[in-house]
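Asker: Here you go, one structure.
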Amino acid sequence: MAQRRADMRPLVVLRPEPGNAATSQAARALGLTVHAAPLFAMAPVAWAVPEPGDHAGLLAGSAALFRLGGVGLDALKGLPVHAVGAATAEAAQAAGFAVAETGEGGMEPLVARLSPGRYLRLAGERNVPLMPPAGVEVDTRVVYAARALDLPEDLAAVVQGAVVALHSGEAAGHFSAECARLGIARGAVALACLAPRIAEKAGAGWQVVEVAEARTDEALLALAAQMCQTVCP
């Protein structure tokens with residue numbers, strides 16, 4: 001484990017479990033002081049499984065769908081997966097799916113490269129609307145939902161003066177609202193964001209907002225670790 005410096009900012013990790021525990025453990029291995037506070041609880045929802053033969057592939061925007069999709073996923077294992085990133089691709093393979101493509105930079109660039117055809121998108125209740133190119137159809141099925149949680153009030157003082165890691169636009173928006181509810185001064189909070197859209201969803205007024213060089217947890221943690229050491233109080 002790396003040695004902690006006394007003047008380093010703490011890191012607040014807001015992503016849902018089980019990802020929160022993994023990110024927090026990796027951050028502590030980098031020598032960071034970590035406060036874990038999931039802002040969402042994930043749960044499966046009932047969904048109708050479509051006919052697999054009607055689709056050319058499966059669009060996967062989150063690793064959570066393979067954990068929460070339930071037995072309905074079994075009927076779709078013949079469909080090649082177009083995964084939004086490496087973590088999602090790994091989850092697909094662990095669930096028994098073949099991965100045809102692993103994207104970077106979000107779902108839109110992935111969809112823009114698809115060959116003409118009809119694709120099945122499995123997603124969470126809060127999903128980004130897509131604008132597929134000509135010749136591409138996307139059917140969306142919601143297989144899980146995220147219930148928003150309150151930011152613990154006893155964490156307010158820690159957040160004000162911390163680096164906060166944001167893994168999703170939904171987390172950014174909800175965190176922003178929670179800061180307003182708890183009276184947390186944005187000007188004292190530094191944000192490390194996984195993607196540009198997440199930074200946009202967080203809004204303005206933060207002390208510092210930085211975006212990771214790649215859409216991976218490793219890249220986000222590298223950025224957060226640097227910010228914990230270099231962003232002045």
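FYI, nothing fancy with the structure tokens labels: chains A, B, ... in order, residues from 1 per chain, ligands from 1 as they appear.
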Could you write out, as number ranges by chain, all the residues of region 68-114 of chain A that DSSP marks as strand (DSSP E or B)?
Answerer: A: 81-83, 99-102
Asker: Write out, as a tab-separated table, each residue of region 7-101 of chain A that has an atom at most 9 Å from region 202-222 of chain A, together with the closest pair of atoms and their distance in Å to one decimal, counting only C-alpha atoms, rows going by chain and rising number.
Answerer:
residue	atom	partner	partner_atom	distance
A:Thr23	CA	A:Asp217	CA	7.2
A:Ala26	CA	A:Leu221	CA	8.0
A:Ala27	CA	A:Leu221	CA	6.5
A:Leu30	CA	A:Leu221	CA	8.7
A:Gly85	CA	A:Arg215	CA	7.2
A:Ala86	CA	A:Thr216	CA	7.5
A:Ala87	CA	A:Thr216	CA	7.7
Asker: Pick from A:Ala91, A:Leu114, A:Leu122, A:Ala148: nearest to Pro50 (chain A), with only C-alpha atoms counted?
Answerer: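 Using only C-alpha atoms, Pro50 (chain A) sits closest to A:Leu122.
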Asker: List as a list in words the protein and nucleic acid residues near Leu79 (chain A), meaning an atom at most 8 Å away when only C-alpha atoms are counted, but skip any in the same chain fewer than 5 places from it.
Answerer: Pro52, His55, Ala56, Gly57, Leu58, Phe97 and Ala98 of chain A
Asker: Between A:Ser176, A:Thr102, A:Ser168, A:Thr33, which has the minimum distance to Leu194 (chain A) (counting only C-alpha atoms)?
Answerer: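 Of all the options, A:Ser168 lies closest to Leu194 (chain A).
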Asker: Write out as number ranges by chain each polymer residue whose atoms come within 12 Å of Ser115 (chain A), counting only C-alpha atoms; drop sequence neighbours fewer than 5 positions from it.
Answerer: A: 56-57, 82, 100-101, 110, 132-138
Asker: Emit the selected residues as a PDB file, in the first residue's frame, including N, CA and C atoms.
Answerer:
ATOM      1  N   ALA A  56     -29.952  -8.680 -34.216  1.00  0.00           N
ATOM      2  CA  ALA A  56     -28.615  -8.983 -34.723  1.00  0.00           C
ATOM      3  C   ALA A  56     -27.568  -8.979 -33.621  1.00  0.00           C
ATOM      4  N   GLY A  57     -27.896  -8.402 -32.485  1.00  0.00           N
ATOM      5  CA  GLY A  57     -26.928  -8.337 -31.402  1.00  0.00           C
ATOM      6  C   GLY A  57     -27.534  -7.701 -30.175  1.00  0.00           C
ATOM      7  N   HIS A  82     -22.379  -6.128 -27.872  1.00  0.00           N
ATOM      8  CA  HIS A  82     -21.638  -4.904 -28.150  1.00  0.00           C
ATOM      9  C   HIS A  82     -21.619  -4.141 -26.829  1.00  0.00           C
ATOM     10  N   ALA A 100     -18.760  -9.198 -29.172  1.00  0.00           N
ATOM     11  CA  ALA A 100     -18.378  -8.873 -30.542  1.00  0.00           C
ATOM     12  C   ALA A 100     -17.558  -7.601 -30.620  1.00  0.00           C
ATOM     13  N   GLU A 101     -17.806  -6.681 -29.672  1.00  0.00           N
ATOM     14  CA  GLU A 101     -17.130  -5.380 -29.729  1.00  0.00           C
ATOM     15  C   GLU A 101     -17.112  -4.758 -28.341  1.00  0.00           C
ATOM     16  N   LEU A 110     -20.644   3.781 -29.923  1.00  0.00           N
ATOM     17  CA  LEU A 110     -20.786   2.350 -30.185  1.00  0.00           C
ATOM     18  C   LEU A 110     -21.920   2.103 -31.178  1.00  0.00           C
ATOM     19  N   PRO A 132     -29.779   6.176 -33.337  1.00  0.00           N
ATOM     20  CA  PRO A 132     -29.047   5.259 -34.211  1.00  0.00           C
ATOM     21  C   PRO A 132     -28.981   5.769 -35.643  1.00  0.00           C
ATOM     22  N   PRO A 133     -27.940   5.365 -36.367  1.00  0.00           N
ATOM     23  CA  PRO A 133     -27.817   5.787 -37.771  1.00  0.00           C
ATOM     24  C   PRO A 133     -28.858   5.100 -38.647  1.00  0.00           C
ATOM     25  N   ALA A 134     -28.956   5.553 -39.862  1.00  0.00           N
ATOM     26  CA  ALA A 134     -29.902   4.965 -40.803  1.00  0.00           C
ATOM     27  C   ALA A 134     -29.630   3.477 -40.964  1.00  0.00           C
ATOM     28  N   GLY A 135     -30.689   2.693 -40.947  1.00  0.00           N
ATOM     29  CA  GLY A 135     -30.565   1.251 -41.121  1.00  0.00           C
ATOM     30  C   GLY A 135     -30.396   0.482 -39.836  1.00  0.00           C
ATOM     31  N   VAL A 136     -30.262   1.188 -38.709  1.00  0.00           N
ATOM     32  CA  VAL A 136     -30.102   0.543 -37.405  1.00  0.00           C
ATOM     33  C   VAL A 136     -31.329   0.823 -36.534  1.00  0.00           C
ATOM     34  N   GLU A 137     -31.940  -0.246 -36.023  1.00  0.00           N
ATOM     35  CA  GLU A 137     -33.051  -0.126 -35.082  1.00  0.00           C
ATOM     36  C   GLU A 137     -32.599  -0.634 -33.714  1.00  0.00           C
ATOM     37  N   VAL A 138     -33.051   0.022 -32.665  1.00  0.00           N
ATOM     38  CA  VAL A 138     -32.706  -0.383 -31.304  1.00  0.00           C
ATOM     39  C   VAL A 138     -33.973  -0.555 -30.483  1.00  0.00           C
TER      40      VAL A 138
END
